[in-house]
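protein-v2.pdb (PDB, C-alpha atoms and all ligand atoms)
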ATOM      1  CA  MET A   9       0.000   0.000   0.000  1.00  0.00           C
ATOM      2  CA  GLU A  10       1.239   3.444  -0.947  1.00  0.00           C
ATOM      3  CA  SER A  11       1.785   5.566   2.163  1.00  0.00           C
ATOM      4  CA  SER A  12       0.997   9.252   2.331  1.00  0.00           C
ATOM      5  CA  ASP A  13       3.431  11.750   3.831  1.00  0.00           C
ATOM      6  CA  TRP A  14       1.323  11.862   6.960  1.00  0.00           C
ATOM      7  CA  ILE A  15       1.522   8.085   7.464  1.00  0.00           C
ATOM      8  CA  LYS A  16       5.249   8.145   6.760  1.00  0.00           C
ATOM      9  CA  GLU A  17       5.641  10.838   9.391  1.00  0.00           C
ATOM     10  CA  ILE A  18       3.804   8.782  12.009  1.00  0.00           C
ATOM     11  CA  VAL A  19       5.950   5.753  11.210  1.00  0.00           C
ATOM     12  CA  SER A  20       9.106   7.829  11.501  1.00  0.00           C
ATOM     13  CA  VAL A  21       8.008   9.267  14.862  1.00  0.00           C
ATOM     14  CA  PHE A  22       7.807   5.764  16.269  1.00  0.00           C
ATOM     15  CA  SER A  23      11.007   4.602  14.636  1.00  0.00           C
ATOM     16  CA  LEU A  24      12.938   7.482  16.195  1.00  0.00           C
ATOM     17  CA  LYS A  25      11.377   7.315  19.651  1.00  0.00           C
ATOM     18  CA  THR A  26      12.840   4.762  22.021  1.00  0.00           C
ATOM     19  CA  LEU A  27      10.036   3.165  23.972  1.00  0.00           C
ATOM     20  CA  THR A  28      10.278   0.546  26.692  1.00  0.00           C
ATOM     21  CA  PRO A  29       8.702  -2.843  25.904  1.00  0.00           C
ATOM     22  CA  VAL A  30       5.921  -2.023  28.382  1.00  0.00           C
ATOM     23  CA  GLN A  31       5.234   1.272  26.602  1.00  0.00           C
ATOM     24  CA  ILE A  32       5.173  -0.407  23.209  1.00  0.00           C
ATOM     25  CA  ARG A  33       2.553  -2.852  24.455  1.00  0.00           C
ATOM     26  CA  SER A  34       0.228  -0.023  25.473  1.00  0.00           C
ATOM     27  CA  VAL A  35       1.091   2.390  22.649  1.00  0.00           C
ATOM     28  CA  ARG A  36       0.670  -0.219  19.866  1.00  0.00           C
ATOM     29  CA  PRO A  37       2.286   1.832  17.051  1.00  0.00           C
ATOM     30  CA  ASP A  38       1.346  -0.823  14.454  1.00  0.00           C
ATOM     31  CA  ARG A  39      -2.335  -0.484  15.269  1.00  0.00           C
ATOM     32  CA  LEU A  40      -2.178   3.287  15.303  1.00  0.00           C
ATOM     33  CA  VAL A  41      -0.699   3.350  11.807  1.00  0.00           C
ATOM     34  CA  LYS A  42      -3.484   1.111  10.525  1.00  0.00           C
ATOM     35  CA  MET A  43      -6.119   3.290  12.144  1.00  0.00           C
ATOM     36  CA  ALA A  44      -4.448   6.404  10.704  1.00  0.00           C
ATOM     37  CA  ARG A  45      -4.869   4.883   7.247  1.00  0.00           C
ATOM     38  CA  ARG A  46      -8.558   4.536   8.025  1.00  0.00           C
ATOM     39  CA  ILE A  47      -8.748   8.189   9.028  1.00  0.00           C
ATOM     40  CA  GLU A  48      -7.278   9.102   5.674  1.00  0.00           C
ATOM     41  CA  SER A  49      -9.880   7.125   3.796  1.00  0.00           C
ATOM     42  CA  PHE A  50     -12.770   8.635   5.772  1.00  0.00           C
ATOM     43  CA  GLU A  51     -11.639  12.202   6.501  1.00  0.00           C
ATOM     44  CA  ARG A  52     -13.128  13.724   3.348  1.00  0.00           C
ATOM     45  CA  SER A  53     -16.621  12.732   4.318  1.00  0.00           C
ATOM     46  CA  CYS A  54     -16.298  12.561   8.120  1.00  0.00           C
ATOM     47  CA  PRO A  55     -15.618  15.729  10.169  1.00  0.00           C
ATOM     48  CA  GLN A  56     -15.026  13.622  13.289  1.00  0.00           C
ATOM     49  CA  CYS A  57     -12.196  11.804  11.547  1.00  0.00           C
ATOM     50  CA  ARG A  58     -10.661  15.189  10.785  1.00  0.00           C
ATOM     51  CA  ASP A  59     -10.884  16.036  14.506  1.00  0.00           C
ATOM     52  CA  HIS A  60      -9.331  12.700  15.440  1.00  0.00           C
ATOM     53  CA  LYS A  61      -6.524  13.425  13.009  1.00  0.00           C
ATOM     54  CA  LYS A  62      -5.806  16.745  14.725  1.00  0.00           C
ATOM     55  CA  GLU A  63      -5.894  15.092  18.138  1.00  0.00           C
ATOM     56  CA  LEU A  64      -3.587  12.351  16.913  1.00  0.00           C
ATOM     57  CA  ASN A  65      -1.082  14.910  15.637  1.00  0.00           C
ATOM     58  CA  GLN A  66      -1.204  16.782  18.940  1.00  0.00           C
ATOM     59  CA  THR A  67      -0.665  13.741  21.116  1.00  0.00           C
ATOM     60  CA  LEU A  68       2.278  12.674  18.944  1.00  0.00           C
ATOM     61  CA  VAL A  69       4.139  15.954  19.547  1.00  0.00           C
ATOM     62  CA  PRO A  70       5.728  14.776  22.843  1.00  0.00           C
ATOM     63  CA  PHE A  71       6.873  11.611  21.046  1.00  0.00           C
ATOM     64  CA  LYS A  72       8.994  13.757  18.737  1.00  0.00           C
ATOM     65  CA  GLU A  73      10.848  15.391  21.617  1.00  0.00           C
ATOM     66  CA  ASN A  74      14.199  14.082  22.584  1.00  0.00           C
ATOM     67  CA  SER A  75      13.295  13.443  26.197  1.00  0.00           C
ATOM     68  CA  GLU A  76      11.623  10.707  28.156  1.00  0.00           C
ATOM     69  CA  LEU A  77       7.901  10.351  27.580  1.00  0.00           C
ATOM     70  CA  THR A  78       5.900  11.754  30.508  1.00  0.00           C
ATOM     71  CA  ASP A  79       2.931   9.949  32.029  1.00  0.00           C
ATOM     72  CA  GLU A  80       0.702  12.857  30.972  1.00  0.00           C
ATOM     73  CA  ALA A  81       1.786  12.552  27.356  1.00  0.00           C
ATOM     74  CA  LEU A  82       1.251   8.804  27.381  1.00  0.00           C
ATOM     75  CA  HIS A  83      -2.125   9.226  29.024  1.00  0.00           C
ATOM     76  CA  ALA A  84      -3.241  11.781  26.417  1.00  0.00           C
ATOM     77  CA  TYR A  85      -2.079   9.456  23.659  1.00  0.00           C
ATOM     78  CA  LEU A  86      -3.950   6.448  25.066  1.00  0.00           C
ATOM     79  CA  ASN A  87      -7.072   8.560  25.452  1.00  0.00           C
ATOM     80  CA  MET A  88      -6.862   9.607  21.821  1.00  0.00           C
ATOM     81  CA  PHE A  89      -6.207   5.996  20.777  1.00  0.00           C
ATOM     82  CA  ARG A  90      -9.308   4.772  22.619  1.00  0.00           C
ATOM     83  CA  ASN A  91     -11.534   7.546  21.244  1.00  0.00           C
ATOM     84  CA  LEU A  92     -10.350   6.914  17.716  1.00  0.00           C
ATOM     85  CA  LEU A  93     -10.953   3.180  18.102  1.00  0.00           C
ATOM     86  CA  ASP A  94     -14.480   3.798  19.405  1.00  0.00           C
ATOM     87  CA  HIS A  95     -15.226   6.157  16.553  1.00  0.00           C
ATOM     88  CA  LEU A  96     -14.042   3.712  13.884  1.00  0.00           C
ATOM     89  CA  LYS A  97     -16.068   0.943  15.509  1.00  0.00           C
ATOM     90  CA  THR A  98     -19.327   2.798  16.009  1.00  0.00           C
ATOM     91  CA  GLU A  99     -19.411   5.235  13.077  1.00  0.00           C
ATOM     92  CA  HIS A 100     -17.549   3.291  10.419  1.00  0.00           C
ATOM     93  CA  LYS A 101     -18.548  -0.208  11.535  1.00  0.00           C
ATOM     94  CA  LEU A 102     -15.032  -1.598  11.654  1.00  0.00           C
ATOM     95  CA  VAL A 103     -14.457  -4.716  13.757  1.00  0.00           C
ATOM     96  CA  TYR A 104     -11.570  -6.290  15.672  1.00  0.00           C
ATOM     97  CA  PRO A 105      -9.846  -9.191  13.950  1.00  0.00           C
ATOM     98  CA  GLY A 106     -11.503 -12.386  15.207  1.00  0.00           C
ATOM     99  CA  HIS A 107     -14.307 -10.391  16.796  1.00  0.00           C
ATOM    100  CA  TYR A 108     -17.173 -12.652  15.776  1.00  0.00           C
ATOM    101  CA  ALA A 109     -15.319 -15.904  16.402  1.00  0.00           C
ATOM    102  CA  ALA A 110     -14.879 -14.777  20.007  1.00  0.00           C
ATOM    103  CA  LEU A 111     -18.410 -13.394  20.208  1.00  0.00           C
ATOM    104  CA  TYR A 112     -20.114 -16.592  19.030  1.00  0.00           C
ATOM    105  CA  THR A 113     -18.125 -19.015  21.212  1.00  0.00           C
ATOM    106  CA  LEU A 114     -20.252 -18.756  24.348  1.00  0.00           C
ATOM    107  CA  PRO A 115     -23.677 -18.737  22.615  1.00  0.00           C
ATOM    108  CA  GLY A 116     -22.487 -21.777  20.641  1.00  0.00           C
ATOM    109  CA  MET A 117     -21.695 -23.620  23.866  1.00  0.00           C
ATOM    110  CA  VAL A 118     -24.992 -22.609  25.456  1.00  0.00           C
ATOM    111  CA  LEU A 119     -26.963 -23.772  22.411  1.00  0.00           C
ATOM    112  CA  GLY A 120     -24.961 -27.005  22.286  1.00  0.00           C
ATOM    113  CA  ALA A 121     -25.740 -27.728  25.931  1.00  0.00           C
ATOM    114  CA  ALA A 122     -29.405 -26.749  25.502  1.00  0.00           C
ATOM    115  CA  PHE A 123     -29.654 -29.031  22.493  1.00  0.00           C
ATOM    116  CA  TRP A 124     -28.164 -31.951  24.403  1.00  0.00           C
ATOM    117  CA  LEU A 125     -30.347 -31.392  27.477  1.00  0.00           C
ATOM    118  CA  SER A 126     -33.560 -31.313  25.429  1.00  0.00           C
ATOM    119  CA  LEU A 127     -32.494 -34.313  23.374  1.00  0.00           C
ATOM    120  CA  ARG A 128     -31.694 -36.244  26.538  1.00  0.00           C
ATOM    121  CA  TRP A 129     -34.970 -35.199  28.150  1.00  0.00           C
ATOM    122  CA  ILE A 130     -37.010 -36.368  25.137  1.00  0.00           C
ATOM    123  CA  TYR A 131     -35.018 -39.591  24.881  1.00  0.00           C
ATOM    124  CA  ASN A 132     -35.468 -40.390  28.567  1.00  0.00           C
ATOM    125  CA  GLU A 133     -39.209 -39.736  28.264  1.00  0.00           C
ATOM    126  CA  ILE A 134     -39.646 -42.305  25.533  1.00  0.00           C
ATOM    127  CA  SER A 135     -36.992 -44.856  26.414  1.00  0.00           C
ATOM    128  CA  VAL A 136     -36.281 -47.148  29.328  1.00  0.00           C
ATOM    129  CA  ILE A 137     -32.532 -46.643  29.390  1.00  0.00           C
ATOM    130  CA  ASN A 138     -31.405 -43.188  30.476  1.00  0.00           C
ATOM    131  CA  LEU A 139     -28.760 -41.353  28.497  1.00  0.00           C
ATOM    132  CA  PRO A 140     -25.747 -40.418  30.631  1.00  0.00           C
ATOM    133  CA  LEU A 141     -25.688 -36.687  31.394  1.00  0.00           C
ATOM    134  CA  LYS A 142     -22.057 -35.705  31.768  1.00  0.00           C
ATOM    135  CA  MET A 143     -20.381 -37.252  28.759  1.00  0.00           C
ATOM    136  CA  GLY A 144     -23.015 -35.999  26.326  1.00  0.00           C
ATOM    137  CA  LEU A 145     -22.928 -32.575  27.919  1.00  0.00           C
ATOM    138  CA  LEU A 146     -19.174 -32.373  27.477  1.00  0.00           C
ATOM    139  CA  VAL A 147     -19.387 -33.456  23.851  1.00  0.00           C
ATOM    140  CA  SER A 148     -22.243 -31.075  23.050  1.00  0.00           C
ATOM    141  CA  LEU A 149     -20.459 -28.175  24.721  1.00  0.00           C
ATOM    142  CA  PHE A 150     -17.445 -28.864  22.573  1.00  0.00           C
ATOM    143  CA  ILE A 151     -19.476 -29.216  19.370  1.00  0.00           C
ATOM    144  CA  GLY A 152     -21.388 -26.018  20.190  1.00  0.00           C
ATOM    145  CA  LEU A 153     -18.101 -24.205  20.774  1.00  0.00           C
ATOM    146  CA  ALA A 154     -16.690 -25.447  17.481  1.00  0.00           C
ATOM    147  CA  ILE A 155     -19.798 -24.496  15.507  1.00  0.00           C
ATOM    148  CA  GLY A 156     -19.964 -21.066  17.180  1.00  0.00           C
ATOM    149  CA  ARG A 157     -16.327 -20.342  16.412  1.00  0.00           C
ATOM    150  CA  TYR A 158     -16.691 -21.620  12.866  1.00  0.00           C
ATOM    151  CA  LEU A 159     -19.732 -19.431  12.119  1.00  0.00           C
ATOM    152  CA  GLY A 160     -17.978 -16.465  13.729  1.00  0.00           C
ATOM    153  CA  HIS A 161     -14.903 -17.149  11.664  1.00  0.00           C
ATOM    154  CA  ILE A 162     -16.968 -17.095   8.459  1.00  0.00           C
ATOM    155  CA  LYS A 163     -18.461 -13.766   9.454  1.00  0.00           C
ATOM    156  CA  ASP A 164     -14.983 -12.387  10.343  1.00  0.00           C
ATOM    157  CA  LYS A 165     -13.781 -13.413   6.918  1.00  0.00           C
ATOM    158  CA  LYS A 166     -16.580 -11.456   5.280  1.00  0.00           C
ATOM    159  CA  TYR A 167     -15.489  -8.370   7.195  1.00  0.00           C
ATOM    160  CA  ILE A 168     -11.901  -8.890   6.139  1.00  0.00           C
ATOM    161  CA  GLN A 169     -12.952  -9.283   2.499  1.00  0.00           C
ATOM    162  CA  ALA A 170     -15.094  -6.164   2.761  1.00  0.00           C
ATOM    163  CA  ASP A 171     -12.014  -4.396   4.173  1.00  0.00           C
ATOM    164  CA  LYS A 172     -13.746  -3.701   7.503  1.00  0.00           C
ATOM    165  CA  LYS A 173     -10.958  -4.801   9.805  1.00  0.00           C
ATOM    166  CA  LEU A 174     -10.060  -2.324  12.541  1.00  0.00           C
ATOM    167  CA  TYR A 175      -6.330  -3.050  12.437  1.00  0.00           C
TER     168      TYR A 175
HETATM  169 ZN    ZN A 201     -15.000   9.172  10.959  1.00  0.00          ZN
END
Show me, as structure tokens, the structure contained in the file I just sent.
Amino acid sequence: MESSDWIKEIVSVFSLKTLTPVQIRSVRPDRLVKMARRIESFERSCPQCRDHKKELNQTLVPFKENSELTDEALHAYLNMFRNLLDHLKTEHKLVYPGHYAALYTLPGMVLGAAFWLSLRWIYNEISVINLPLKMGLLVSLFIGLAIGRYLGHIKDKKYIQADKKLY
């Protein structure tokens, strides 16, 4: 992907600034760059993206200075990061990678268990031998989990193909 001067500048800010490993984990420069690309694609039509761009530029100023990053500067940056992320999620409908796979896991398990419990109940009503509870429950939980994750994965893939990934 061709990078604009603005993106190149952001990348260079992070390549020049020495951050501790702990800072890198909270600053997430890679994710910021990806979100900045999103701002660029939306800023013409979205005034809020233009505001986020200004805020981003402001919070990056301390990163360009040749001194240690203050807690205030880091705090302002993380605030901006969170606001930008929220905006891209709610206004532009972007999603986290693997969002739906994670989201569908629990409902899948619940449905799997519910399916097993009703099946067992019906079976025990009509048959003399009772189905064992635990083993079937374990298996159905696992199958429900797998189906939930699989369906979520398919949906995630659609978002990736539609270029709707947050970072
Ligand atoms: Zn926007």
Could you give me, as number ranges by chain, every polymer residue with an atom at most 12 Å away from an atom of ligand ZN 201 (chain A), counting all atoms listed in the file? A: 43-61, 91-102
For atom CA of A:Thr26 and atom CA of A:Phe89, determine how far apart the two atoms are, in Å to one decimal place.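 Distance reported for this atom pair: 19.1 Å.
Here the PyMOL selection byres (((chain A and resi 122-130) around 10) and not hetatm) captures the residues Gly116, Met117, Val118, Leu119, Gly120, Ala121, Tyr131, Asn132, Glu133, Ile134, Ser135, Asn138, Leu139, Pro140, Leu141, Gly144, Leu145, Leu146, Val147, Ser148, Leu149 and Gly152 of chain A.
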Need to verify the contact set: A:Gln169, 12 Å, all atoms listed in the file, exclusion of same-chain residues closer than 6 positions in sequence. Can you return it as a PyMOL selection string? chain A and resi 105+162-163
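For the residues A:Thr113, A:Val103, A:Ile18, A:His83, ranking by smallest atom-to-atom distance to A:Asn65 using all atoms listed in the file places A:Ile18 first.
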Could you give me, as a ChimeraX atom specification, the residues within 12 Å of stretch 75-79 of chain A, counting all atoms listed in the file and dropping anything in the same chain fewer than 2 positions from it? /A:24-28,31-32,35,67-73,81-86
Atom CA of A:Ala109 to atom CA of A:Asp171, distance in Å rounded to a single decimal: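 Result for atom CA of A:Ala109 versus atom CA of A:Asp171: 17.1 Å, one decimal.
Proximity ranking of A:Val41, A:Met88, A:Tyr104, A:Tyr175 relative to A:Ser11 places A:Val41 first, based on all atoms listed in the file.
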